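Text of input.pdb (PDB, C-alpha atoms) as supplied:
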```pdb
ATOM      1  CA  MET F  24      -9.668 135.401  36.305
ATOM      2  CA  LYS F  25      -6.379 137.301  36.356
ATOM      3  CA  ARG F  26      -5.615 137.421  32.631
ATOM      4  CA  ILE F  27      -8.189 137.367  29.823
ATOM      5  CA  LEU F  28      -7.738 137.291  26.058
ATOM      6  CA  VAL F  29     -10.217 139.546  24.246
ATOM      7  CA  THR F  30     -10.215 139.114  20.476
ATOM      8  CA  GLY F  31     -11.503 142.060  18.481
ATOM      9  CA  ALA F  32     -10.302 144.378  21.253
ATOM     10  CA  ALA F  33     -10.294 147.406  18.941
ATOM     11  CA  GLY F  34     -13.860 146.709  17.893
ATOM     12  CA  PHE F  35     -17.018 148.340  19.192
ATOM     13  CA  ILE F  36     -17.889 145.801  21.881
ATOM     14  CA  GLY F  37     -14.306 144.684  22.448
ATOM     15  CA  ALA F  38     -12.986 148.123  23.368
ATOM     16  CA  HIS F  39     -15.848 148.783  25.806
ATOM     17  CA  LEU F  40     -15.425 145.356  27.424
ATOM     18  CA  THR F  41     -11.656 145.690  27.683
ATOM     19  CA  GLN F  42     -12.034 149.032  29.443
ATOM     20  CA  ARG F  43     -14.397 147.503  31.997
ATOM     21  CA  LEU F  44     -12.118 144.531  32.610
ATOM     22  CA  THR F  45      -9.003 146.642  33.147
ATOM     23  CA  ASP F  46     -10.995 148.954  35.416
ATOM     24  CA  LYS F  47     -11.640 145.855  37.540
ATOM     25  CA  GLY F  48      -7.898 145.174  37.754
ATOM     26  CA  ILE F  49      -7.871 142.319  35.255
ATOM     27  CA  GLU F  50      -5.026 142.070  32.755
ATOM     28  CA  VAL F  51      -6.283 141.969  29.164
ATOM     29  CA  VAL F  52      -4.413 140.821  26.099
ATOM     30  CA  GLY F  53      -6.238 142.369  23.165
ATOM     31  CA  LEU F  54      -5.970 140.604  19.812
ATOM     32  CA  ASP F  55      -6.870 142.782  16.827
ATOM     33  CA  ASN F  56      -5.413 143.046  13.343
ATOM     34  CA  ILE F  57      -6.965 146.541  12.808
ATOM     35  CA  ASN F  58      -8.293 145.616   9.364
ATOM     36  CA  ASP F  59      -9.931 148.082   6.982
ATOM     37  CA  TYR F  60     -13.498 146.691   6.920
ATOM     38  CA  TYR F  61     -14.261 150.181   8.226
ATOM     39  CA  ASP F  62     -12.120 153.212   9.082
ATOM     40  CA  PRO F  63      -9.054 151.897  10.990
ATOM     41  CA  ARG F  64      -8.670 155.321  12.616
ATOM     42  CA  LEU F  65     -11.792 154.691  14.674
ATOM     43  CA  LYS F  66     -10.365 151.375  15.879
ATOM     44  CA  LYS F  67      -7.027 152.950  16.763
ATOM     45  CA  ASP F  68      -8.737 155.762  18.660
ATOM     46  CA  ARG F  69     -10.809 153.261  20.632
ATOM     47  CA  MET F  70      -7.564 151.643  21.746
ATOM     48  CA  LYS F  71      -5.746 154.836  22.717
ATOM     49  CA  ALA F  72      -7.156 154.994  26.228
ATOM     50  CA  LEU F  73      -6.561 151.268  26.690
ATOM     51  CA  ALA F  74      -2.926 151.511  25.626
ATOM     52  CA  GLU F  75      -2.284 154.092  28.328
ATOM     53  CA  GLY F  76      -2.997 151.573  31.098
ATOM     54  CA  PRO F  77      -0.551 148.979  32.471
ATOM     55  CA  LEU F  78      -3.093 146.148  32.273
ATOM     56  CA  PHE F  79      -3.541 146.112  28.491
ATOM     57  CA  ASN F  80      -1.334 144.548  25.835
ATOM     58  CA  HIS F  81      -2.230 144.730  22.146
ATOM     59  CA  GLU F  82      -1.343 141.805  19.895
ATOM     60  CA  ALA F  83      -1.744 142.528  16.158
ATOM     61  CA  VAL F  84      -2.472 138.918  15.259
ATOM     62  CA  GLU F  85      -4.554 137.635  12.354
ATOM     63  CA  LEU F  86      -7.122 135.230  13.783
ATOM     64  CA  ALA F  87      -6.942 132.946  10.732
ATOM     65  CA  ASP F  88      -3.140 132.575  11.151
ATOM     66  CA  ARG F  89      -2.980 129.228  12.934
ATOM     67  CA  LYS F  90       0.681 129.422  13.920
ATOM     68  CA  ALA F  91       0.428 133.005  15.208
ATOM     69  CA  VAL F  92      -2.624 132.173  17.346
ATOM     70  CA  GLU F  93      -0.918 129.046  18.702
ATOM     71  CA  THR F  94       2.155 131.102  19.606
ATOM     72  CA  LEU F  95      -0.039 133.689  21.353
ATOM     73  CA  PHE F  96      -1.704 131.057  23.547
ATOM     74  CA  ASN F  97       1.661 129.535  24.435
ATOM     75  CA  ARG F  98       3.198 132.916  25.285
ATOM     76  CA  TYR F  99       0.494 133.860  27.784
ATOM     77  CA  GLU F 100      -1.543 131.900  30.306
ATOM     78  CA  PHE F 101      -5.189 132.889  29.845
ATOM     79  CA  ASP F 102      -7.787 132.166  32.484
ATOM     80  CA  ALA F 103     -10.603 133.004  30.070
ATOM     81  CA  VAL F 104     -11.034 133.967  26.430
ATOM     82  CA  VAL F 105     -13.715 136.292  25.040
ATOM     83  CA  ASN F 106     -13.919 135.901  21.276
ATOM     84  CA  LEU F 107     -15.470 139.030  19.751
ATOM     85  CA  ALA F 108     -13.367 139.131  16.588
ATOM     86  CA  ALA F 109     -15.467 138.366  13.535
ATOM     87  CA  GLN F 110     -16.241 139.469  10.046
ATOM     88  CA  ALA F 111     -19.476 141.263  10.843
ATOM     89  CA  GLY F 112     -22.392 142.424   8.722
ATOM     90  CA  VAL F 113     -25.215 140.591   7.000
ATOM     91  CA  ARG F 114     -25.177 142.478   3.679
ATOM     92  CA  TYR F 115     -21.385 142.347   3.274
ATOM     93  CA  SER F 116     -21.567 138.541   3.402
ATOM     94  CA  LEU F 117     -23.233 138.637  -0.025
ATOM     95  CA  GLU F 118     -20.233 140.521  -1.438
ATOM     96  CA  ASN F 119     -17.301 138.825   0.252
ATOM     97  CA  PRO F 120     -18.253 135.385   1.607
ATOM     98  CA  HIS F 121     -14.670 134.155   1.891
ATOM     99  CA  SER F 122     -13.827 136.685   4.596
ATOM    100  CA  TYR F 123     -16.531 135.110   6.788
ATOM    101  CA  VAL F 124     -15.019 131.678   6.341
ATOM    102  CA  ASP F 125     -11.487 132.915   7.107
ATOM    103  CA  THR F 126     -12.328 134.797  10.293
ATOM    104  CA  ASN F 127     -15.545 133.303  11.628
ATOM    105  CA  LEU F 128     -14.782 129.644  10.894
ATOM    106  CA  VAL F 129     -11.028 129.162  10.480
ATOM    107  CA  GLY F 130     -10.284 131.813  13.087
ATOM    108  CA  PHE F 131     -12.759 130.319  15.537
ATOM    109  CA  VAL F 132     -11.298 126.817  15.352
ATOM    110  CA  ASN F 133      -7.871 128.350  16.016
ATOM    111  CA  ILE F 134      -9.316 129.892  19.186
ATOM    112  CA  LEU F 135     -10.899 126.585  20.206
ATOM    113  CA  GLU F 136      -7.603 124.782  19.702
ATOM    114  CA  GLY F 137      -5.726 127.401  21.707
ATOM    115  CA  CYS F 138      -8.189 127.038  24.582
ATOM    116  CA  ARG F 139      -8.078 123.253  24.425
ATOM    117  CA  HIS F 140      -4.304 122.931  24.552
ATOM    118  CA  THR F 141      -3.589 125.552  27.227
ATOM    119  CA  GLY F 142      -6.235 124.787  29.851
ATOM    120  CA  VAL F 143      -8.419 127.885  29.431
ATOM    121  CA  LYS F 144     -11.151 127.781  32.085
ATOM    122  CA  HIS F 145     -13.921 129.438  30.043
ATOM    123  CA  LEU F 146     -14.442 130.443  26.409
ATOM    124  CA  VAL F 147     -17.091 133.126  25.892
ATOM    125  CA  TYR F 148     -17.854 133.952  22.272
ATOM    126  CA  ALA F 149     -20.084 136.292  20.312
ATOM    127  CA  SER F 150     -22.919 134.661  18.449
ATOM    128  CA  SER F 151     -25.722 136.775  16.970
ATOM    129  CA  SER F 152     -29.471 137.273  16.845
ATOM    130  CA  SER F 153     -29.028 136.571  13.128
ATOM    131  CA  VAL F 154     -28.962 132.837  13.884
ATOM    132  CA  TYR F 155     -32.743 132.919  14.321
ATOM    133  CA  GLY F 156     -33.002 133.383  10.552
ATOM    134  CA  ALA F 157     -36.391 132.282   9.254
ATOM    135  CA  ASN F 158     -37.842 131.864  12.768
ATOM    136  CA  THR F 159     -40.979 133.950  13.382
ATOM    137  CA  ASN F 160     -42.031 132.767  16.864
ATOM    138  CA  MET F 161     -41.268 135.742  19.119
ATOM    139  CA  PRO F 162     -39.641 136.659  21.361
ATOM    140  CA  PHE F 163     -36.769 134.524  20.087
ATOM    141  CA  SER F 164     -35.791 131.905  22.664
ATOM    142  CA  VAL F 165     -32.456 130.141  23.007
ATOM    143  CA  HIS F 166     -34.469 126.956  23.481
ATOM    144  CA  ASP F 167     -35.868 127.175  19.923
ATOM    145  CA  ASN F 168     -34.340 125.394  16.945
ATOM    146  CA  VAL F 169     -32.201 127.705  14.769
ATOM    147  CA  ASP F 170     -31.412 125.580  11.744
ATOM    148  CA  HIS F 171     -32.652 127.973   9.046
ATOM    149  CA  PRO F 172     -30.190 130.875   8.675
ATOM    150  CA  VAL F 173     -30.828 133.370   5.870
ATOM    151  CA  SER F 174     -27.312 134.818   5.478
ATOM    152  CA  LEU F 175     -23.795 133.398   5.436
ATOM    153  CA  TYR F 176     -22.977 135.600   8.423
ATOM    154  CA  ALA F 177     -25.786 133.919  10.406
ATOM    155  CA  ALA F 178     -24.663 130.489   9.235
ATOM    156  CA  SER F 179     -21.104 131.197  10.409
ATOM    157  CA  LYS F 180     -22.378 132.180  13.857
ATOM    158  CA  LYS F 181     -24.547 129.076  14.105
ATOM    159  CA  ALA F 182     -21.476 127.072  13.091
ATOM    160  CA  ASN F 183     -19.548 128.652  15.977
ATOM    161  CA  GLU F 184     -22.158 127.385  18.412
ATOM    162  CA  LEU F 185     -21.900 123.865  16.942
ATOM    163  CA  MET F 186     -18.108 123.922  17.004
ATOM    164  CA  ALA F 187     -18.095 125.133  20.608
ATOM    165  CA  HIS F 188     -20.433 122.326  21.661
ATOM    166  CA  THR F 189     -18.131 119.778  20.046
ATOM    167  CA  TYR F 190     -15.168 121.032  22.078
ATOM    168  CA  SER F 191     -17.255 121.122  25.250
ATOM    169  CA  HIS F 192     -18.205 117.491  24.596
ATOM    170  CA  LEU F 193     -14.835 116.148  23.469
ATOM    171  CA  PHE F 194     -12.483 118.068  25.745
ATOM    172  CA  GLY F 195     -14.642 119.380  28.593
ATOM    173  CA  LEU F 196     -13.948 122.984  27.532
ATOM    174  CA  PRO F 197     -16.588 125.236  29.155
ATOM    175  CA  THR F 198     -18.092 127.440  26.431
ATOM    176  CA  THR F 199     -20.795 130.106  26.476
ATOM    177  CA  GLY F 200     -22.244 131.660  23.331
ATOM    178  CA  LEU F 201     -23.891 135.087  23.461
ATOM    179  CA  ARG F 202     -26.472 136.060  20.867
ATOM    180  CA  PHE F 203     -26.246 139.853  20.704
ATOM    181  CA  PHE F 204     -29.231 141.857  19.492
ATOM    182  CA  THR F 205     -28.567 145.055  17.431
ATOM    183  CA  VAL F 206     -25.941 146.734  19.593
ATOM    184  CA  TYR F 207     -25.640 150.530  19.479
ATOM    185  CA  GLY F 208     -24.019 153.361  21.418
ATOM    186  CA  PRO F 209     -20.871 155.535  21.595
ATOM    187  CA  TRP F 210     -17.916 154.342  19.504
ATOM    188  CA  GLY F 211     -20.334 152.248  17.396
ATOM    189  CA  ARG F 212     -19.620 150.689  14.028
ATOM    190  CA  PRO F 213     -19.836 153.023  10.985
ATOM    191  CA  ASP F 214     -21.574 150.345   8.916
ATOM    192  CA  MET F 215     -24.571 150.143  11.262
ATOM    193  CA  ALA F 216     -27.817 152.072  10.966
ATOM    194  CA  LEU F 217     -27.364 154.585  13.799
ATOM    195  CA  PHE F 218     -23.965 155.713  12.518
ATOM    196  CA  LEU F 219     -25.088 155.822   8.882
ATOM    197  CA  PHE F 220     -28.293 157.709   9.729
ATOM    198  CA  THR F 221     -26.539 160.261  11.938
ATOM    199  CA  ARG F 222     -23.876 161.023   9.336
ATOM    200  CA  ALA F 223     -26.439 161.400   6.527
ATOM    201  CA  ILE F 224     -28.953 163.496   8.501
ATOM    202  CA  LEU F 225     -26.288 165.955   9.623
ATOM    203  CA  ALA F 226     -25.051 166.206   6.027
ATOM    204  CA  GLY F 227     -28.589 166.781   4.703
ATOM    205  CA  GLU F 228     -28.433 163.554   2.705
ATOM    206  CA  PRO F 229     -31.198 160.927   2.432
ATOM    207  CA  ILE F 230     -31.124 157.773   4.532
ATOM    208  CA  ASN F 231     -32.029 154.344   3.166
ATOM    209  CA  VAL F 232     -34.926 152.905   5.166
ATOM    210  CA  PHE F 233     -35.256 149.224   4.338
ATOM    211  CA  ASN F 234     -38.506 147.254   4.193
ATOM    212  CA  ASN F 235     -40.229 150.643   3.855
ATOM    213  CA  GLY F 236     -39.619 151.283   7.548
ATOM    214  CA  ASN F 237     -41.459 148.171   8.706
ATOM    215  CA  MET F 238     -38.362 146.612  10.273
ATOM    216  CA  GLU F 239     -38.434 145.893  14.002
ATOM    217  CA  ARG F 240     -35.303 145.429  16.069
ATOM    218  CA  ASP F 241     -34.412 144.698  19.669
ATOM    219  CA  PHE F 242     -31.972 147.607  19.989
ATOM    220  CA  THR F 243     -29.528 146.969  22.857
ATOM    221  CA  TYR F 244     -27.273 149.628  24.384
ATOM    222  CA  ILE F 245     -23.555 148.886  24.517
ATOM    223  CA  ASN F 246     -23.260 149.188  28.317
ATOM    224  CA  ASP F 247     -25.988 146.586  28.742
ATOM    225  CA  ILE F 248     -24.179 144.211  26.395
ATOM    226  CA  VAL F 249     -20.891 144.649  28.259
ATOM    227  CA  GLU F 250     -22.517 144.119  31.660
ATOM    228  CA  GLY F 251     -24.012 140.872  30.380
ATOM    229  CA  VAL F 252     -20.673 139.682  28.997
ATOM    230  CA  LEU F 253     -18.911 140.505  32.272
ATOM    231  CA  ARG F 254     -21.368 138.467  34.281
ATOM    232  CA  VAL F 255     -21.112 135.529  31.896
ATOM    233  CA  ILE F 256     -17.295 135.447  32.039
ATOM    234  CA  PHE F 257     -17.419 134.660  35.747
ATOM    235  CA  LYS F 258     -20.221 132.093  35.461
ATOM    236  CA  VAL F 259     -18.489 129.023  34.071
ATOM    237  CA  PRO F 260     -21.108 126.620  32.670
ATOM    238  CA  GLU F 261     -21.593 123.108  33.922
ATOM    239  CA  GLY F 262     -23.465 120.235  32.348
ATOM    240  CA  ASN F 263     -27.250 120.289  32.623
ATOM    241  CA  SER F 264     -28.157 117.177  34.638
ATOM    242  CA  SER F 265     -31.753 117.283  33.368
ATOM    243  CA  TRP F 266     -30.775 117.495  29.686
ATOM    244  CA  ASN F 267     -32.801 114.971  27.705
ATOM    245  CA  SER F 268     -31.360 113.420  24.543
ATOM    246  CA  ASP F 269     -34.856 112.407  23.406
ATOM    247  CA  ALA F 270     -35.910 116.073  23.431
ATOM    248  CA  PRO F 271     -32.610 117.970  23.224
ATOM    249  CA  ASP F 272     -32.540 121.548  24.490
ATOM    250  CA  PRO F 273     -30.444 123.676  22.052
ATOM    251  CA  ALA F 274     -29.425 126.148  24.791
ATOM    252  CA  THR F 275     -27.829 123.677  27.203
ATOM    253  CA  SER F 276     -26.183 120.274  27.162
ATOM    254  CA  TYR F 277     -24.937 117.368  29.275
ATOM    255  CA  CYS F 278     -21.487 118.949  28.819
ATOM    256  CA  PRO F 279     -20.308 122.439  29.950
ATOM    257  CA  TYR F 280     -22.043 124.377  27.185
ATOM    258  CA  ARG F 281     -24.473 127.305  27.313
ATOM    259  CA  VAL F 282     -26.104 129.870  25.005
ATOM    260  CA  TYR F 283     -27.786 133.142  26.071
ATOM    261  CA  ASN F 284     -29.587 135.980  24.358
ATOM    262  CA  ILE F 285     -28.455 139.471  25.356
ATOM    263  CA  GLY F 286     -31.107 141.905  24.161
ATOM    264  CA  ASN F 287     -33.342 144.620  25.494
ATOM    265  CA  ASN F 288     -36.435 142.375  25.391
ATOM    266  CA  ASP F 289     -38.236 145.271  23.715
ATOM    267  CA  LYS F 290     -38.605 145.383  19.929
ATOM    268  CA  GLN F 291     -38.979 148.819  18.354
ATOM    269  CA  ARG F 292     -39.971 149.874  14.852
ATOM    270  CA  LEU F 293     -37.163 151.305  12.768
ATOM    271  CA  LEU F 294     -39.248 154.423  12.101
ATOM    272  CA  HIS F 295     -39.468 155.089  15.844
ATOM    273  CA  TYR F 296     -35.698 154.625  16.110
ATOM    274  CA  ILE F 297     -35.315 157.304  13.424
ATOM    275  CA  GLU F 298     -37.779 159.620  15.194
ATOM    276  CA  VAL F 299     -35.766 159.447  18.419
ATOM    277  CA  LEU F 300     -32.569 160.159  16.479
ATOM    278  CA  GLU F 301     -34.200 163.137  14.747
ATOM    279  CA  GLU F 302     -35.209 164.508  18.148
ATOM    280  CA  CYS F 303     -31.669 164.133  19.495
ATOM    281  CA  LEU F 304     -30.134 165.763  16.406
ATOM    282  CA  GLY F 305     -32.765 168.495  16.134
ATOM    283  CA  LYS F 306     -33.044 167.755  12.441
ATOM    284  CA  LYS F 307     -35.441 165.744  10.258
ATOM    285  CA  ALA F 308     -34.290 162.869   8.066
ATOM    286  CA  ILE F 309     -34.881 162.658   4.322
ATOM    287  CA  LYS F 310     -36.135 159.079   3.981
ATOM    288  CA  ASN F 311     -35.459 156.934   0.944
ATOM    289  CA  MET F 312     -37.869 154.006   1.360
ATOM    290  CA  MET F 313     -36.318 150.750   0.156
ATOM    291  CA  PRO F 314     -37.442 147.103  -0.130
ATOM    292  CA  MET F 315     -36.205 144.353   2.163
ATOM    293  CA  GLN F 316     -32.581 143.461   1.464
ATOM    294  CA  PRO F 317     -31.377 139.879   0.867
ATOM    295  CA  GLY F 318     -30.271 138.231   4.115
ATOM    296  CA  ASP F 319     -32.260 140.617   6.331
ATOM    297  CA  VAL F 320     -35.119 139.575   8.592
ATOM    298  CA  PRO F 321     -38.174 141.755   9.288
ATOM    299  CA  ALA F 322     -37.939 141.602  13.085
ATOM    300  CA  THR F 323     -35.806 140.546  16.052
ATOM    301  CA  TYR F 324     -36.952 140.286  19.658
ATOM    302  CA  ALA F 325     -35.016 138.643  22.498
ATOM    303  CA  ASN F 326     -36.380 136.397  25.199
ATOM    304  CA  VAL F 327     -33.925 136.942  28.067
ATOM    305  CA  ASP F 328     -35.546 134.737  30.713
ATOM    306  CA  ASP F 329     -32.419 132.569  31.004
ATOM    307  CA  LEU F 330     -30.187 135.620  31.413
ATOM    308  CA  VAL F 331     -32.407 136.794  34.263
ATOM    309  CA  ALA F 332     -32.660 133.361  35.879
ATOM    310  CA  ASP F 333     -28.958 132.450  35.698
ATOM    311  CA  LEU F 334     -27.260 135.846  35.978
ATOM    312  CA  ASP F 335     -29.903 138.021  37.653
ATOM    313  CA  TYR F 336     -29.556 140.522  34.845
ATOM    314  CA  LYS F 337     -31.809 142.152  32.272
ATOM    315  CA  PRO F 338     -30.806 144.987  29.913
ATOM    316  CA  ASN F 339     -33.120 147.980  30.283
ATOM    317  CA  THR F 340     -31.614 151.107  28.692
ATOM    318  CA  SER F 341     -34.195 153.184  26.826
ATOM    319  CA  LEU F 342     -33.725 154.231  23.206
ATOM    320  CA  GLU F 343     -34.022 157.870  24.232
ATOM    321  CA  TYR F 344     -31.079 157.609  26.625
ATOM    322  CA  GLY F 345     -28.926 155.374  24.439
ATOM    323  CA  ILE F 346     -29.320 157.364  21.233
ATOM    324  CA  SER F 347     -28.739 160.656  23.035
ATOM    325  CA  ARG F 348     -25.449 159.322  24.393
ATOM    326  CA  PHE F 349     -24.401 158.220  20.920
ATOM    327  CA  VAL F 350     -25.232 161.627  19.444
ATOM    328  CA  GLU F 351     -23.209 163.369  22.185
ATOM    329  CA  TRP F 352     -20.229 161.151  21.415
ATOM    330  CA  TYR F 353     -20.591 161.549  17.621
ATOM    331  CA  ARG F 354     -20.755 165.350  17.758
ATOM    332  CA  ASP F 355     -17.729 165.475  20.039
ATOM    333  CA  TYR F 356     -15.646 162.951  18.064
ATOM    334  CA  TYR F 357     -16.368 164.458  14.653
ATOM    335  CA  GLN F 358     -16.676 168.041  15.945
ATOM    336  CA  GLN F 359     -20.153 168.532  14.433
TER     337      GLN F 359
END
```
Can the structure in the file be given as structure tokens, please?
Amino acid sequence: MKRILVTGAAGFIGAHLTQRLTDKGIEVVGLDNINDYYDPRLKKDRMKALAEGPLFNHEAVELADRKAVETLFNRYEFDAVVNLAAQAGVRYSLENPHSYVDTNLVGFVNILEGCRHTGVKHLVYASSSSVYGANTNMPFSVHDNVDHPVSLYAASKKANELMAHTYSHLFGLPTTGLRFFTVYGPWGRPDMALFLFTRAILAGEPINVFNNGNMERDFTYINDIVEGVLRVIFKVPEGNSSWNSDAPDPATSYCPYRVYNIGNNDKQRLLHYIEVLEECLGKKAIKNMMPMQPGDVPATYANVDDLVADLDYKPNTSLEYGISRFVEWYRDYYQQ
């Protein structure tokens, strides 16, 4: 793996992953259109350190632009592709559904086509814990059926998994989907709870606590996510010889296709998450208790047995450590 394409390289996970890859001496081509879904300045600042190194090249390509993506794949020779570019966010999918189709569906098939026609050895792509939708059997297992999404965002991620399997079947393209569970940490996304809560608490403003605080999430620290992605990149999937078409396993296949959860395997109540943040900030939150929002689920909880078995890896960063590191970064970045 000498050259890897990382889409969404200016994003939260993409920037952290790109830094790790270049630190390992791997050339990274980072695709990112630096859109304004949230403050572009944050994205540009994430990329500053990357741009200073000789192993990083930024390509400001729109993922939904078929010709531009085709040209990109023909210009470079990628050993692997990590697709992290996506229109993210469950609640935003109620407001702007077309953006999810453009990036998460049209953009993803452009990536698949690029991989197919240029001999990419492994496509790794971001799925989401959101695909579990209406499932309530916990911890969520990759071997469970996930055919009942409750948001368009979740449906688009499930569609990615289906599209990837089709290309693994038809063209022998090795693909691995990663279902991330509530990622947080330094350089995080401003539309996510930790960022929103920190900004509001420091400003003395109330925070919106959905489902009256009875939400549970498998909060996963960014470094743990990146370590999992790194290990997956270098483990190219093969067909599962014991796969049974009479009782099909959703996580594997007869073709080179795989799906993993990457989560902390430790669900925490949202109110506890807030308590840890309050401790790190030295300031209490003003809580505005709210009902469950459309598209949300009450709980997420990752079964990571396959990650442990196949990659000898299990995320284990505590909330106390992870949130404290985020607060340190936030205070330094915003000088607060």
Could you list, as a list in words, every residue within 6 Å of stretch 140-146 of chain F, counting all atoms listed in the file and ignoring same-chain residues fewer than 4 positions away? Phe101, Asp102, Ala103, Val104, Pro197 and Thr198 of chain F
Of the listed residues F:Val206, F:Ala216, F:Met161, F:Val132, that which approaches F:Gly345 most closely, counting all atoms listed in the file: F:Val206
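Distance check against F:Arg348 using only C-alpha atoms: of F:Arg281, F:Pro209, F:Asp319, F:Met238, the minimum falls on F:Pro209.
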If we count all atoms listed in the file, what is near F:Phe35 at a cut-off of 9 Å, once residues fewer than 3 positions away on the same chain are taken out, given as a PyMOL selection string? chain F and resi 31-32+38-40+66+69+207-212+245
Could you check how far atom CA of F:Leu225 sits from atom CA of F:Tyr61, in Å to one decimal? 19.9 Å
Do you have, as a tab-separated table, the list of residues of stretch 49-166 of chain F lying at most 8 Å from stretch 182-188 of chain F, each with its nearest atom pair and that distance in Å to one decimal, counting only C-alpha atoms and ordered by chain then number?
```
residue	atom	partner	partner_atom	distance
F:Asn127	CA	F:Asn183	CA	7.5
F:Leu128	CA	F:Asn183	CA	7.0
F:Phe131	CA	F:Asn183	CA	7.0
F:Val132	CA	F:Met186	CA	7.6
F:Leu135	CA	F:Ala187	CA	7.4
F:Ser150	CA	F:Glu184	CA	7.3
```
Can I get the selected residues back with C-alpha atoms, as a compact mmCIF listing (two decimals), in the coordinates of the input?
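To be explicit, this is the file written out as selection.txt:
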```txt
# COMPACT_ATOMS: atom_id res chain seq x y z
CA ASN F 127 -15.54 133.30 11.63
CA LEU F 128 -14.78 129.64 10.89
CA PHE F 131 -12.76 130.32 15.54
CA VAL F 132 -11.30 126.82 15.35
CA LEU F 135 -10.90 126.58 20.21
CA SER F 150 -22.92 134.66 18.45
```
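Of the listed residues F:Arg202, F:Lys337, F:Arg114, F:Arg240, the one whose atoms come nearest to F:Thr323 is F:Arg240, with distances taken using only C-alpha atoms.
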If you measure from atom CA of F:Leu107 to atom CA of F:Asp214, what distance in Å do you get, rounded to one decimal? 16.8 Å
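Considering the residues F:Asn160, F:Lys90, F:Val255, F:Ala33 and counting all atoms listed in the file, F:Ala74 has its shortest atom-to-atom contact with F:Ala33.
Comparing F:Tyr190, F:Phe220, F:Phe204, F:Phe79 by their smallest distance to F:Asn133, the closest is F:Tyr190 (using all atoms listed in the file).
Closest approach to F:Gly227 from the set F:Thr275, F:Tyr353, F:Gly130, F:Leu304 is made by F:Leu304, with distances taken over all atoms listed in the file.
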Selection in question (the file shown): the PyMOL selection byres ((chain F and resi 311-318) around 10). Which residues does it include, as a PyMOL selection string? chain F and resi 113-117+153+156-157+172-177+228-238+308-310+319-321
Please evaluate the PyMOL selection byres ((chain F and resi 344) around 12) against the structure above and give the resulting residues as a PyMOL selection string. chain F and resi 207-209+243-246+296+299-300+302-303+339-343+345-351
Centre and size of axis-aligned box enclosing stretch 241-252 of chain F plus 6 Å each side, as JSON:
```
{"center_x": -27.5, "center_y": 144.7, "center_z": 25.7, "size_x": 25.7, "size_y": 21.9, "size_z": 24.0}
```
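Take atom CA of F:Phe194 and atom CA of F:Cys278: the distance between them is 9.6 Å.
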Evaluating the PyMOL selection byres ((chain F and resi 78) around 9) on the displayed file yields which residues, as a VMD selection string? chain F and resid 45 to 46 48 to 52 73 to 77 79 to 80
The selected residues should be written to file as a CSV table (one decimal), in the coordinates of the input (atoms: C-alpha atoms).
```csv
chain,number,residue,atom,x,y,z
F,45,THR,CA,-9.0,146.6,33.1
F,46,ASP,CA,-11.0,149.0,35.4
F,48,GLY,CA,-7.9,145.2,37.8
F,49,ILE,CA,-7.9,142.3,35.3
F,50,GLU,CA,-5.0,142.1,32.8
F,51,VAL,CA,-6.3,142.0,29.2
F,52,VAL,CA,-4.4,140.8,26.1
F,73,LEU,CA,-6.6,151.3,26.7
F,74,ALA,CA,-2.9,151.5,25.6
F,75,GLU,CA,-2.3,154.1,28.3
F,76,GLY,CA,-3.0,151.6,31.1
F,77,PRO,CA,-0.6,149.0,32.5
F,79,PHE,CA,-3.5,146.1,28.5
F,80,ASN,CA,-1.3,144.5,25.8
```
Anything within 12 Å of (-28.8, 120.5, 27.4): list those residues as a ChimeraX atom specification, counting only C-alpha atoms and sticking to the file's coordinates. /F:165-166,188,191-192,260-282
Sphere at (-39.5, 142.0, 23.6), radius 10 Å, counting all atoms listed in the file: residues as a PyMOL selection string: chain F and resi 161-163+240-241+286-291+323-327
